[in-house]
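Below is structure.pdb, holding PDB, C-alpha atoms.
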MODEL        1
ATOM      1  CA  MET A   1      64.708   0.259  37.901
ATOM      2  CA  ASP A   2      65.413   3.291  35.728
ATOM      3  CA  LEU A   3      62.893   5.221  37.801
ATOM      4  CA  VAL A   4      64.686   4.303  41.036
ATOM      5  CA  TRP A   5      68.012   5.504  39.618
ATOM      6  CA  LEU A   6      66.356   8.716  38.418
ATOM      7  CA  LEU A   7      64.860   9.258  41.865
ATOM      8  CA  PHE A   8      68.232   8.647  43.536
ATOM      9  CA  LYS A   9      69.939  11.152  41.215
ATOM     10  CA  GLN A  10      67.195  13.707  41.792
ATOM     11  CA  VAL A  11      67.402  13.370  45.586
ATOM     12  CA  VAL A  12      71.192  13.770  45.401
ATOM     13  CA  ILE A  13      70.768  16.867  43.224
ATOM     14  CA  MET A  14      68.294  18.268  45.746
ATOM     15  CA  LEU A  15      70.700  17.490  48.583
ATOM     16  CA  ILE A  16      73.428  19.424  46.766
ATOM     17  CA  LEU A  17      71.024  22.362  46.516
ATOM     18  CA  VAL A  18      70.340  21.965  50.250
ATOM     19  CA  GLY A  19      74.112  22.223  50.758
ATOM     20  CA  VAL A  20      74.192  25.419  48.692
ATOM     21  CA  GLY A  21      71.478  26.864  50.919
ATOM     22  CA  ALA A  22      73.402  25.872  54.049
ATOM     23  CA  ILE A  23      76.630  27.433  52.747
ATOM     24  CA  CYS A  24      74.814  30.625  51.777
ATOM     25  CA  TYR A  25      73.424  30.852  55.301
ATOM     26  CA  LYS A  26      76.806  30.246  56.915
ATOM     27  CA  LEU A  27      78.376  32.908  54.688
ATOM     28  CA  LYS A  28      75.537  35.264  55.676
ATOM     29  CA  LEU A  29      74.405  35.563  52.074
ATOM     30  CA  ILE A  30      71.036  34.426  53.427
ATOM     31  CA  THR A  31      69.934  35.760  56.812
ATOM     32  CA  LYS A  32      67.172  34.388  59.038
ATOM     33  CA  GLU A  33      64.892  37.088  57.685
ATOM     34  CA  GLY A  34      65.978  36.255  54.146
ATOM     35  CA  ARG A  35      65.248  32.568  54.687
ATOM     36  CA  SER A  36      61.804  33.457  55.967
ATOM     37  CA  SER A  37      61.173  35.672  52.920
ATOM     38  CA  LEU A  38      62.303  32.952  50.512
ATOM     39  CA  SER A  39      60.127  30.432  52.341
ATOM     40  CA  ASN A  40      57.116  32.704  51.949
ATOM     41  CA  LEU A  41      57.933  33.164  48.258
ATOM     42  CA  VAL A  42      57.895  29.395  47.726
ATOM     43  CA  LEU A  43      54.787  28.806  49.839
ATOM     44  CA  TYR A  44      52.667  31.703  48.653
ATOM     45  CA  VAL A  45      53.800  32.201  45.051
ATOM     46  CA  VAL A  46      55.926  29.468  43.448
ATOM     47  CA  ASN A  47      54.120  26.345  44.702
ATOM     48  CA  PRO A  48      50.600  27.711  44.025
ATOM     49  CA  VAL A  49      51.606  28.826  40.519
ATOM     50  CA  LEU A  50      53.146  25.404  39.804
ATOM     51  CA  ILE A  51      49.953  23.698  40.993
ATOM     52  CA  VAL A  52      47.753  25.785  38.699
ATOM     53  CA  VAL A  53      50.130  25.129  35.786
ATOM     54  CA  SER A  54      50.067  21.380  36.501
ATOM     55  CA  TYR A  55      46.284  21.352  35.997
ATOM     56  CA  GLN A  56      46.662  22.677  32.454
ATOM     57  CA  GLN A  57      46.107  19.233  30.951
ATOM     58  CA  ASP A  58      43.480  17.795  28.676
ATOM     59  CA  PHE A  59      40.595  16.560  30.805
ATOM     60  CA  SER A  60      40.383  12.788  31.177
ATOM     61  CA  TYR A  61      38.675  10.427  33.587
ATOM     62  CA  HIS A  62      41.999   8.613  33.934
ATOM     63  CA  LEU A  63      43.567  11.722  35.503
ATOM     64  CA  LEU A  64      40.473  12.429  37.586
ATOM     65  CA  LYS A  65      40.478   8.874  38.961
ATOM     66  CA  GLY A  66      44.206   9.138  39.652
ATOM     67  CA  LEU A  67      43.594  12.310  41.632
ATOM     68  CA  GLY A  68      41.099  10.470  43.851
ATOM     69  CA  ILE A  69      43.488   7.546  44.289
ATOM     70  CA  ALA A  70      46.322   9.855  45.341
ATOM     71  CA  PHE A  71      44.077  11.605  47.878
ATOM     72  CA  VAL A  72      42.777   8.407  49.482
ATOM     73  CA  LEU A  73      46.162   6.649  49.583
ATOM     74  CA  SER A  74      47.948   9.670  51.060
ATOM     75  CA  ALA A  75      45.235  10.210  53.680
ATOM     76  CA  VAL A  76      45.498   6.539  54.683
ATOM     77  CA  GLY A  77      49.279   6.887  54.703
ATOM     78  CA  PHE A  78      49.277   9.877  57.060
ATOM     79  CA  LEU A  79      46.860   8.092  59.403
ATOM     80  CA  ILE A  80      49.101   5.006  59.535
ATOM     81  CA  PHE A  81      52.116   7.237  60.209
ATOM     82  CA  GLY A  82      50.115   8.784  63.045
ATOM     83  CA  ALA A  83      49.230   5.390  64.517
ATOM     84  CA  PHE A  84      52.885   4.310  64.581
ATOM     85  CA  ALA A  85      54.021   7.679  65.932
ATOM     86  CA  TYR A  86      51.620   7.411  68.865
ATOM     87  CA  LEU A  87      52.436   3.736  69.415
ATOM     88  CA  LEU A  88      56.232   4.024  69.403
ATOM     89  CA  ILE A  89      56.813   7.560  70.710
ATOM     90  CA  ARG A  90      55.571   7.554  74.302
ATOM     91  CA  GLU A  91      55.089  10.522  76.592
ATOM     92  CA  ARG A  92      57.061   8.939  79.422
ATOM     93  CA  HIS A  93      60.176   8.518  77.270
ATOM     94  CA  SER A  94      60.678  12.098  76.091
ATOM     95  CA  ARG A  95      59.730  15.616  77.109
ATOM     96  CA  SER A  96      59.601  16.528  73.424
ATOM     97  CA  TYR A  97      57.296  13.664  72.442
ATOM     98  CA  VAL A  98      54.792  15.998  70.727
ATOM     99  CA  THR A  99      57.471  17.431  68.431
ATOM    100  CA  GLU A 100      58.837  13.947  67.740
ATOM    101  CA  ARG A 101      55.378  12.689  66.794
ATOM    102  CA  LEU A 102      54.812  15.598  64.412
ATOM    103  CA  ASN A 103      58.132  14.960  62.672
ATOM    104  CA  ALA A 104      57.431  11.234  62.458
ATOM    105  CA  MET A 105      53.912  11.687  61.080
ATOM    106  CA  TYR A 106      54.007  14.589  58.642
ATOM    107  CA  SER A 107      56.141  14.740  55.510
ATOM    108  CA  ASN A 108      57.694  17.513  53.458
ATOM    109  CA  CYS A 109      55.239  16.727  50.661
ATOM    110  CA  GLY A 110      55.090  20.321  49.438
ATOM    111  CA  PHE A 111      58.659  21.585  49.523
ATOM    112  CA  MET A 112      60.217  18.251  48.521
ATOM    113  CA  GLY A 113      57.311  16.255  47.093
ATOM    114  CA  ILE A 114      56.461  18.742  44.351
ATOM    115  CA  PRO A 115      60.018  19.037  42.899
ATOM    116  CA  LEU A 116      60.486  15.256  43.036
ATOM    117  CA  ALA A 117      57.155  14.552  41.348
ATOM    118  CA  LEU A 118      57.939  17.134  38.679
ATOM    119  CA  ALA A 119      61.313  15.518  37.952
ATOM    120  CA  LEU A 120      59.981  11.942  37.882
ATOM    121  CA  PHE A 121      56.517  12.251  36.361
ATOM    122  CA  GLY A 122      56.298  15.771  34.935
ATOM    123  CA  THR A 123      53.190  17.878  35.408
ATOM    124  CA  GLU A 124      51.057  14.745  35.848
ATOM    125  CA  GLY A 125      53.035  13.987  38.987
ATOM    126  CA  VAL A 126      52.506  17.507  40.341
ATOM    127  CA  PHE A 127      48.822  17.088  39.441
ATOM    128  CA  TYR A 128      48.619  14.121  41.823
ATOM    129  CA  VAL A 129      50.727  15.860  44.493
ATOM    130  CA  THR A 130      47.936  18.440  44.819
ATOM    131  CA  ALA A 131      45.694  15.663  46.132
ATOM    132  CA  VAL A 132      48.377  14.634  48.639
ATOM    133  CA  ASN A 133      48.793  18.229  49.791
ATOM    134  CA  THR A 134      45.035  18.580  50.210
ATOM    135  CA  ALA A 135      44.960  15.540  52.496
ATOM    136  CA  PHE A 136      48.049  16.845  54.304
ATOM    137  CA  ASN A 137      46.552  20.282  54.962
ATOM    138  CA  LEU A 138      43.226  18.884  56.149
ATOM    139  CA  ILE A 139      44.971  16.646  58.691
ATOM    140  CA  VAL A 140      47.816  18.934  59.799
ATOM    141  CA  TRP A 141      45.565  21.957  60.457
ATOM    142  CA  THR A 142      43.198  19.831  62.545
ATOM    143  CA  HIS A 143      45.004  16.940  64.230
ATOM    144  CA  GLY A 144      48.426  18.596  63.964
ATOM    145  CA  VAL A 145      47.365  21.829  65.625
ATOM    146  CA  TYR A 146      45.345  20.041  68.297
ATOM    147  CA  SER A 147      48.194  17.644  69.154
ATOM    148  CA  VAL A 148      50.500  20.604  69.812
ATOM    149  CA  THR A 149      48.040  22.845  71.657
ATOM    150  CA  ASN A 150      45.584  20.327  73.145
ATOM    151  CA  ASP A 151      43.035  23.076  72.486
ATOM    152  CA  LYS A 152      40.309  22.808  69.823
ATOM    153  CA  SER A 153      39.952  26.598  69.673
ATOM    154  CA  HIS A 154      43.229  26.756  67.724
ATOM    155  CA  ILE A 155      41.797  24.621  64.919
ATOM    156  CA  SER A 156      40.947  26.981  62.084
ATOM    157  CA  VAL A 157      38.732  26.033  59.154
ATOM    158  CA  LYS A 158      39.601  29.423  57.677
ATOM    159  CA  LYS A 159      43.309  28.522  57.595
ATOM    160  CA  ILE A 160      42.503  25.292  55.786
ATOM    161  CA  ILE A 161      40.377  26.851  53.040
ATOM    162  CA  THR A 162      42.576  29.947  52.639
ATOM    163  CA  ASN A 163      45.833  27.972  52.499
ATOM    164  CA  PRO A 164      47.494  28.999  49.197
ATOM    165  CA  THR A 165      48.002  25.355  48.222
ATOM    166  CA  ILE A 166      44.301  24.599  48.685
ATOM    167  CA  VAL A 167      43.235  27.779  46.858
ATOM    168  CA  ALA A 168      45.550  26.955  43.924
ATOM    169  CA  THR A 169      44.302  23.354  43.887
ATOM    170  CA  VAL A 170      40.647  24.437  43.722
ATOM    171  CA  LEU A 171      41.389  27.004  41.001
ATOM    172  CA  GLY A 172      43.471  24.572  38.977
ATOM    173  CA  PHE A 173      40.901  21.801  39.354
ATOM    174  CA  LEU A 174      38.093  24.068  38.110
ATOM    175  CA  LEU A 175      40.190  25.040  35.082
ATOM    176  CA  PHE A 176      40.866  21.348  34.442
ATOM    177  CA  LEU A 177      37.247  20.275  34.964
ATOM    178  CA  PHE A 178      35.769  22.955  32.714
ATOM    179  CA  ARG A 179      38.567  22.627  30.146
ATOM    180  CA  ILE A 180      39.652  26.266  30.477
ATOM    181  CA  GLU A 181      43.055  26.957  28.954
ATOM    182  CA  ILE A 182      45.214  29.763  30.362
ATOM    183  CA  PRO A 183      46.248  32.207  27.586
ATOM    184  CA  GLU A 184      49.867  31.768  26.503
ATOM    185  CA  LEU A 185      50.725  35.337  27.514
ATOM    186  CA  VAL A 186      49.807  34.442  31.113
ATOM    187  CA  TYR A 187      50.869  30.785  31.019
ATOM    188  CA  LYS A 188      54.486  31.474  29.991
ATOM    189  CA  PRO A 189      55.357  33.720  32.984
ATOM    190  CA  CYS A 190      53.622  31.212  35.260
ATOM    191  CA  ASP A 191      55.670  28.401  33.752
ATOM    192  CA  TYR A 192      58.895  30.362  34.348
ATOM    193  CA  ILE A 193      57.926  30.945  37.987
ATOM    194  CA  ALA A 194      57.003  27.265  38.423
ATOM    195  CA  SER A 195      60.424  26.166  37.122
ATOM    196  CA  THR A 196      62.149  27.807  40.115
ATOM    197  CA  VAL A 197      60.466  25.533  42.667
ATOM    198  CA  THR A 198      63.302  23.011  43.089
ATOM    199  CA  PRO A 199      66.272  25.357  43.658
ATOM    200  CA  LEU A 200      64.320  27.805  45.823
ATOM    201  CA  ALA A 201      62.677  25.136  47.998
ATOM    202  CA  MET A 202      65.927  23.254  48.585
ATOM    203  CA  ILE A 203      67.976  26.404  49.285
ATOM    204  CA  VAL A 204      65.384  27.360  51.899
ATOM    205  CA  ALA A 205      65.647  23.859  53.384
ATOM    206  CA  GLY A 206      69.450  24.148  53.509
ATOM    207  CA  ALA A 207      69.298  27.534  55.222
ATOM    208  CA  THR A 208      66.876  26.049  57.770
ATOM    209  CA  ILE A 209      69.179  23.103  58.503
ATOM    210  CA  ALA A 210      72.222  25.400  58.812
ATOM    211  CA  GLN A 211      70.588  27.258  61.701
ATOM    212  CA  ASN A 212      71.166  24.217  63.916
ATOM    213  CA  ASN A 213      74.006  21.925  64.920
ATOM    214  CA  ILE A 214      73.363  18.916  62.689
ATOM    215  CA  LEU A 215      76.560  17.113  63.757
ATOM    216  CA  LYS A 216      75.304  17.140  67.341
ATOM    217  CA  ALA A 217      71.949  15.792  66.159
ATOM    218  CA  PHE A 218      73.628  12.667  64.755
ATOM    219  CA  PHE A 219      74.424  11.584  68.333
ATOM    220  CA  ASN A 220      70.822  11.884  69.532
ATOM    221  CA  LYS A 221      69.345   8.373  69.691
ATOM    222  CA  ARG A 222      65.764   9.676  69.816
ATOM    223  CA  ILE A 223      66.136  11.161  66.343
ATOM    224  CA  TYR A 224      66.871   7.714  64.938
ATOM    225  CA  LEU A 225      63.552   6.454  66.291
ATOM    226  CA  VAL A 226      61.808   9.272  64.406
ATOM    227  CA  CYS A 227      63.856   8.438  61.288
ATOM    228  CA  ALA A 228      62.945   4.752  61.556
ATOM    229  CA  ILE A 229      59.220   5.537  61.675
ATOM    230  CA  LYS A 230      59.299   8.322  59.083
ATOM    231  CA  LEU A 231      61.656   6.817  56.519
ATOM    232  CA  ILE A 232      61.681   3.040  56.924
ATOM    233  CA  ILE A 233      59.015   1.242  58.977
ATOM    234  CA  VAL A 234      55.836   2.918  57.742
ATOM    235  CA  PRO A 235      56.989   3.549  54.141
ATOM    236  CA  MET A 236      57.915  -0.139  53.779
ATOM    237  CA  LEU A 237      54.537  -1.163  55.225
ATOM    238  CA  LEU A 238      52.759   1.177  52.813
ATOM    239  CA  CYS A 239      54.707  -0.375  49.927
ATOM    240  CA  PHE A 240      53.159  -3.755  50.678
ATOM    241  CA  LEU A 241      49.680  -2.305  51.267
ATOM    242  CA  PHE A 242      49.661  -0.211  48.087
ATOM    243  CA  ALA A 243      51.138  -3.052  46.023
ATOM    244  CA  LEU A 244      48.213  -5.283  47.006
ATOM    245  CA  LEU A 245      45.701  -2.910  45.439
ATOM    246  CA  PRO A 246      44.550  -4.190  42.034
ATOM    247  CA  ASP A 247      44.172  -2.083  38.892
ATOM    248  CA  ILE A 248      45.259   1.262  40.285
ATOM    249  CA  ASN A 249      47.051   4.140  38.592
ATOM    250  CA  ASN A 250      50.711   3.349  39.315
ATOM    251  CA  THR A 251      51.841   6.952  38.829
ATOM    252  CA  ALA A 252      49.232   8.215  41.309
ATOM    253  CA  ALA A 253      50.108   5.472  43.794
ATOM    254  CA  MET A 254      53.869   6.085  43.520
ATOM    255  CA  THR A 255      53.361   9.840  43.844
ATOM    256  CA  ALA A 256      51.317   9.356  47.020
ATOM    257  CA  LEU A 257      53.812   6.844  48.419
ATOM    258  CA  MET A 258      56.794   9.063  47.626
ATOM    259  CA  CYS A 259      55.178  12.178  49.099
ATOM    260  CA  VAL A 260      54.135  10.632  52.416
ATOM    261  CA  SER A 261      57.585   8.983  52.669
ATOM    262  CA  CYS A 262      59.426  12.284  52.248
ATOM    263  CA  PRO A 263      61.481  13.705  55.169
ATOM    264  CA  SER A 264      59.858  15.469  58.108
ATOM    265  CA  ALA A 265      57.680  18.463  57.310
ATOM    266  CA  THR A 266      58.929  22.007  57.784
ATOM    267  CA  ILE A 267      55.551  22.819  59.300
ATOM    268  CA  ALA A 268      56.479  20.709  62.343
ATOM    269  CA  THR A 269      59.242  23.220  63.101
ATOM    270  CA  MET A 270      56.903  26.126  62.351
ATOM    271  CA  PHE A 271      54.407  24.752  64.869
ATOM    272  CA  ALA A 272      57.211  24.266  67.392
ATOM    273  CA  ILE A 273      58.183  27.921  67.019
ATOM    274  CA  ARG A 274      54.645  29.223  67.183
ATOM    275  CA  PHE A 275      53.462  27.121  70.133
ATOM    276  CA  ASP A 276      56.676  27.329  72.173
ATOM    277  CA  LYS A 277      57.921  23.768  71.716
ATOM    278  CA  ASP A 278      61.512  22.657  71.055
ATOM    279  CA  ALA A 279      62.037  24.276  67.637
ATOM    280  CA  ASN A 280      65.788  23.557  67.478
ATOM    281  CA  TYR A 281      65.194  19.870  68.120
ATOM    282  CA  SER A 282      62.486  19.827  65.451
ATOM    283  CA  ALA A 283      64.829  21.469  62.940
ATOM    284  CA  GLN A 284      67.474  18.829  63.733
ATOM    285  CA  MET A 285      64.979  16.047  62.974
ATOM    286  CA  PHE A 286      64.095  17.821  59.734
ATOM    287  CA  GLY A 287      67.792  17.968  58.814
ATOM    288  CA  ILE A 288      68.641  14.345  59.612
ATOM    289  CA  THR A 289      65.565  12.922  57.868
ATOM    290  CA  THR A 290      66.316  15.060  54.798
ATOM    291  CA  ILE A 291      69.888  13.738  54.589
ATOM    292  CA  MET A 292      68.861  10.109  55.167
ATOM    293  CA  SER A 293      66.095  10.301  52.551
ATOM    294  CA  VAL A 294      68.779  10.176  49.845
ATOM    295  CA  VAL A 295      68.961   6.454  50.567
ATOM    296  CA  THR A 296      65.476   5.657  51.862
ATOM    297  CA  LEU A 297      63.290   7.242  49.156
ATOM    298  CA  PRO A 298      64.823   5.282  46.244
ATOM    299  CA  LEU A 299      64.609   2.098  48.337
ATOM    300  CA  VAL A 300      60.910   2.671  49.028
ATOM    301  CA  ILE A 301      60.032   3.272  45.384
ATOM    302  CA  GLY A 302      62.277   0.376  44.323
ATOM    303  CA  LEU A 303      60.443  -1.980  46.700
ATOM    304  CA  PHE A 304      57.061  -0.808  45.417
ATOM    305  CA  LEU A 305      58.086  -1.420  41.792
ATOM    306  CA  ALA A 306      59.456  -4.874  42.673
ATOM    307  CA  LEU A 307      56.202  -5.797  44.418
ATOM    308  CA  ARG A 308      54.045  -4.544  41.530
TER     309      ARG A 308
ENDMDL
END

Could I get this structure in the form of structure tokens?
Amino acid sequence: MDLVWLLFKQVVIMLILVGVGAICYKLKLITKEGRSSLSNLVLYVVNPVLIVVSYQQDFSYHLLKGLGIAFVLSAVGFLIFGAFAYLLIRERHSRSYVTERLNAMYSNCGFMGIPLALALFGTEGVFYVTAVNTAFNLIVWTHGVYSVTNDKSHISVKKIITNPTIVATVLGFLLFLFRIEIPELVYKPCDYIASTVTPLAMIVAGATIAQNNILKAFFNKRIYLVCAIKLIIVPMLLCFLFALLPDINNTAAMTALMCVSCPSATIATMFAIRFDKDANYSAQMFGITTIMSVVTLPLVIGLFLALR
């Protein structure tokens, strides 16, 4: 149970950092433009650098197998989330059903998953998160885009293969596979950049939440349906499914489980903005699921460990 306590403490720490981001936004120390710039910094520089750094490990078939396990389990997880989202969130019950489904299905596996995996499992955890993010990007830039637009022309293979996370994953994997070590003079600056991922990502999340009335969101019953699917129902089901699998890499399985069980993805709000959906409502769901994950994430991992 030490791992569960560590996860709880780490989520609380991240929530405090979210609060710092929210306060900075309210005090106008971070503007909307500043939040966008910080978000781009995390997405296009910090996360990719951390991914490449995480692949700087001695090659082993154990790690390679774990990478495959994390990819398959996370892909299955996202598909099950999708099935429940479509089953429980019906078009006739809400005008914003598309946005609700996106928030129920997709997790913040990059912004939140990477810092959590780093804190719990070190670079090996981040190593496995790259597989989760690969599955996430493949699904979100195909199904996710189509579900919002209902138009296949918006699906872009180019955006999938040029996504900085995917590019960094491919580069890091090749370095890992061919046992290429980054020179220390280059590795050290990269390591310094990678170490900023948790505070920067959470401050950006806090600034995003602060742009909306979260107190008002707590009185919206529809948000609790999204929270139930995203944080409780499907994660608990996945706990039982993953626990039944024999002889699997526990670290890879827990990383996949934790990442898909993270709060709603920021990309759901980005899609809402881009395709003229209810972006404020999406941001509220992001905020509430992030706050509630302080309790739900440790419970999910605790259940998995008890079942194993």

>> Between CA of Leu6 in chain A and CA of Leu120 in chain A, what distance in Å does the model show, to one decimal?
In response: 7.2 Å

> Between A:Gly77, A:Gly34, A:Gly68, A:Gly287, which is the closest to Leu237 in chain A once you count all atoms listed in the file?
Replying inline: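 Of all the options, A:Gly77 lies closest to Leu237 in chain A.
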
>> Using all atoms listed in the file, can you tell me which of A:Asn163, A:Asp191, A:Leu231, A:Tyr281 comes closest to Val294 in chain A?
In response: A:Leu231

Residue members of the PyMOL selection byres ((chain A and resi 100-107) around 9) in the file shown, as a PDB file with C-alpha atoms, in the frame of the given file:
ATOM      1  CA  PHE A  78      49.277   9.877  57.060  1.00  0.00           C
ATOM      2  CA  LEU A  79      46.860   8.092  59.403  1.00  0.00           C
ATOM      3  CA  ILE A  80      49.101   5.006  59.535  1.00  0.00           C
ATOM      4  CA  PHE A  81      52.116   7.237  60.209  1.00  0.00           C
ATOM      5  CA  GLY A  82      50.115   8.784  63.045  1.00  0.00           C
ATOM      6  CA  ALA A  83      49.230   5.390  64.517  1.00  0.00           C
ATOM      7  CA  PHE A  84      52.885   4.310  64.581  1.00  0.00           C
ATOM      8  CA  ALA A  85      54.021   7.679  65.932  1.00  0.00           C
ATOM      9  CA  TYR A  86      51.620   7.411  68.865  1.00  0.00           C
ATOM     10  CA  ILE A  89      56.813   7.560  70.710  1.00  0.00           C
ATOM     11  CA  SER A  94      60.678  12.098  76.091  1.00  0.00           C
ATOM     12  CA  SER A  96      59.601  16.528  73.424  1.00  0.00           C
ATOM     13  CA  TYR A  97      57.296  13.664  72.442  1.00  0.00           C
ATOM     14  CA  VAL A  98      54.792  15.998  70.727  1.00  0.00           C
ATOM     15  CA  THR A  99      57.471  17.431  68.431  1.00  0.00           C
ATOM     16  CA  ASN A 108      57.694  17.513  53.458  1.00  0.00           C
ATOM     17  CA  CYS A 109      55.239  16.727  50.661  1.00  0.00           C
ATOM     18  CA  GLY A 110      55.090  20.321  49.438  1.00  0.00           C
ATOM     19  CA  MET A 112      60.217  18.251  48.521  1.00  0.00           C
ATOM     20  CA  GLY A 113      57.311  16.255  47.093  1.00  0.00           C
ATOM     21  CA  PHE A 136      48.049  16.845  54.304  1.00  0.00           C
ATOM     22  CA  VAL A 140      47.816  18.934  59.799  1.00  0.00           C
ATOM     23  CA  GLY A 144      48.426  18.596  63.964  1.00  0.00           C
ATOM     24  CA  SER A 147      48.194  17.644  69.154  1.00  0.00           C
ATOM     25  CA  VAL A 148      50.500  20.604  69.812  1.00  0.00           C
ATOM     26  CA  ARG A 222      65.764   9.676  69.816  1.00  0.00           C
ATOM     27  CA  ILE A 223      66.136  11.161  66.343  1.00  0.00           C
ATOM     28  CA  LEU A 225      63.552   6.454  66.291  1.00  0.00           C
ATOM     29  CA  VAL A 226      61.808   9.272  64.406  1.00  0.00           C
ATOM     30  CA  CYS A 227      63.856   8.438  61.288  1.00  0.00           C
ATOM     31  CA  ALA A 228      62.945   4.752  61.556  1.00  0.00           C
ATOM     32  CA  ILE A 229      59.220   5.537  61.675  1.00  0.00           C
ATOM     33  CA  LYS A 230      59.299   8.322  59.083  1.00  0.00           C
ATOM     34  CA  LEU A 231      61.656   6.817  56.519  1.00  0.00           C
ATOM     35  CA  CYS A 259      55.178  12.178  49.099  1.00  0.00           C
ATOM     36  CA  VAL A 260      54.135  10.632  52.416  1.00  0.00           C
ATOM     37  CA  SER A 261      57.585   8.983  52.669  1.00  0.00           C
ATOM     38  CA  CYS A 262      59.426  12.284  52.248  1.00  0.00           C
ATOM     39  CA  PRO A 263      61.481  13.705  55.169  1.00  0.00           C
ATOM     40  CA  SER A 264      59.858  15.469  58.108  1.00  0.00           C
ATOM     41  CA  ALA A 265      57.680  18.463  57.310  1.00  0.00           C
ATOM     42  CA  THR A 266      58.929  22.007  57.784  1.00  0.00           C
ATOM     43  CA  ILE A 267      55.551  22.819  59.300  1.00  0.00           C
ATOM     44  CA  ALA A 268      56.479  20.709  62.343  1.00  0.00           C
ATOM     45  CA  THR A 269      59.242  23.220  63.101  1.00  0.00           C
ATOM     46  CA  TYR A 281      65.194  19.870  68.120  1.00  0.00           C
ATOM     47  CA  SER A 282      62.486  19.827  65.451  1.00  0.00           C
ATOM     48  CA  MET A 285      64.979  16.047  62.974  1.00  0.00           C
ATOM     49  CA  PHE A 286      64.095  17.821  59.734  1.00  0.00           C
TER      50      PHE A 286
END

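Note that the spacing between CA of Ala252 in chain A and CA of Leu297 in chain A amounts to 16.1 Å.
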
>> Applying 8 Å and all atoms listed in the file, which residues near Thr165 in chain A remain after dropping the ones on its own chain fewer than 6 positions away? List them as a VMD selection string.
In response: chain A and resid 43 to 44 47 to 48 51 130 133 to 134

Let me see the file: selected residues, C-alpha atoms, as a PDB file, in the frame of the given file.
ATOM      1  CA  LEU A  43      54.787  28.806  49.839  1.00  0.00           C
ATOM      2  CA  TYR A  44      52.667  31.703  48.653  1.00  0.00           C
ATOM      3  CA  ASN A  47      54.120  26.345  44.702  1.00  0.00           C
ATOM      4  CA  PRO A  48      50.600  27.711  44.025  1.00  0.00           C
ATOM      5  CA  ILE A  51      49.953  23.698  40.993  1.00  0.00           C
ATOM      6  CA  THR A 130      47.936  18.440  44.819  1.00  0.00           C
ATOM      7  CA  ASN A 133      48.793  18.229  49.791  1.00  0.00           C
ATOM      8  CA  THR A 134      45.035  18.580  50.210  1.00  0.00           C
TER       9      THR A 134
END

> With distances taken over only C-alpha atoms, which of A:Ala117, A:Ile288, A:Val132, A:Leu245 is nearest to Phe219 in chain A?
Replying inline: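 Of A:Ala117, A:Ile288, A:Val132, A:Leu245, the one nearest Phe219 in chain A is A:Ile288, counting only C-alpha atoms.
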
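Evaluated on this file, the PyMOL selection byres ((chain A and resi 121) around 12) matches A:Leu3, A:Leu6, A:Leu7, A:Ser54, A:Gly113, A:Ile114, A:Pro115, A:Leu116, A:Ala117, A:Leu118, A:Ala119, A:Leu120, A:Gly122, A:Thr123, A:Glu124, A:Gly125, A:Val126, A:Phe127, A:Tyr128, A:Val129, A:Asn250, A:Thr251, A:Ala252, A:Ala253, A:Met254, A:Thr255, A:Met258.
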
How would the residues just picked look written out with C-alpha atoms as an mmCIF file, keeping the file's coordinate frame?
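Saved result, selection-v8.cif, follows:
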data_model
loop_
_atom_site.group_PDB
_atom_site.id
_atom_site.type_symbol
_atom_site.label_atom_id
_atom_site.label_comp_id
_atom_site.auth_asym_id
_atom_site.auth_seq_id
_atom_site.Cartn_x
_atom_site.Cartn_y
_atom_site.Cartn_z
ATOM 1 C CA LEU A 3 62.893 5.221 37.801
ATOM 2 C CA LEU A 6 66.356 8.716 38.418
ATOM 3 C CA LEU A 7 64.860 9.258 41.865
ATOM 4 C CA SER A 54 50.067 21.380 36.501
ATOM 5 C CA GLY A 113 57.311 16.255 47.093
ATOM 6 C CA ILE A 114 56.461 18.742 44.351
ATOM 7 C CA PRO A 115 60.018 19.037 42.899
ATOM 8 C CA LEU A 116 60.486 15.256 43.036
ATOM 9 C CA ALA A 117 57.155 14.552 41.348
ATOM 10 C CA LEU A 118 57.939 17.134 38.679
ATOM 11 C CA ALA A 119 61.313 15.518 37.952
ATOM 12 C CA LEU A 120 59.981 11.942 37.882
ATOM 13 C CA GLY A 122 56.298 15.771 34.935
ATOM 14 C CA THR A 123 53.190 17.878 35.408
ATOM 15 C CA GLU A 124 51.057 14.745 35.848
ATOM 16 C CA GLY A 125 53.035 13.987 38.987
ATOM 17 C CA VAL A 126 52.506 17.507 40.341
ATOM 18 C CA PHE A 127 48.822 17.088 39.441
ATOM 19 C CA TYR A 128 48.619 14.121 41.823
ATOM 20 C CA VAL A 129 50.727 15.860 44.493
ATOM 21 C CA ASN A 250 50.711 3.349 39.315
ATOM 22 C CA THR A 251 51.841 6.952 38.829
ATOM 23 C CA ALA A 252 49.232 8.215 41.309
ATOM 24 C CA ALA A 253 50.108 5.472 43.794
ATOM 25 C CA MET A 254 53.869 6.085 43.520
ATOM 26 C CA THR A 255 53.361 9.840 43.844
ATOM 27 C CA MET A 258 56.794 9.063 47.626
#

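In this comparison, which uses all atoms listed in the file, the residue of A:Leu38, A:Ala168, A:Ala22, A:Val53 approaching Ile193 in chain A most closely is A:Val53.
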
> For Thr142 in chain A, which of A:Val157, A:Ile291, A:Leu185, A:Leu177 is the closest residue, counting only C-alpha atoms?
Replying inline: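 Of all the options, A:Val157 lies closest to Thr142 in chain A.
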
> In terms of the shortest atom-to-atom distance over only C-alpha atoms, which of A:Ala279, A:Met202, A:Val186, A:Ile209 is closest to Lys26 in chain A?
Replying inline: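 The closest residue to Lys26 in chain A is A:Ile209.
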
> Exactly which residues make up the result of the PyMOL selection byres ((chain A and resi 238-242) around 8) on this file, given as a PyMOL selection string?
Replying inline: chain A and resi 73+77+234-237+243-245+253+257+300-301+303-304+307

> How many Å separate CA of Ile273 in chain A from CA of Ile30 in chain A?
Replying inline: 19.8 Å
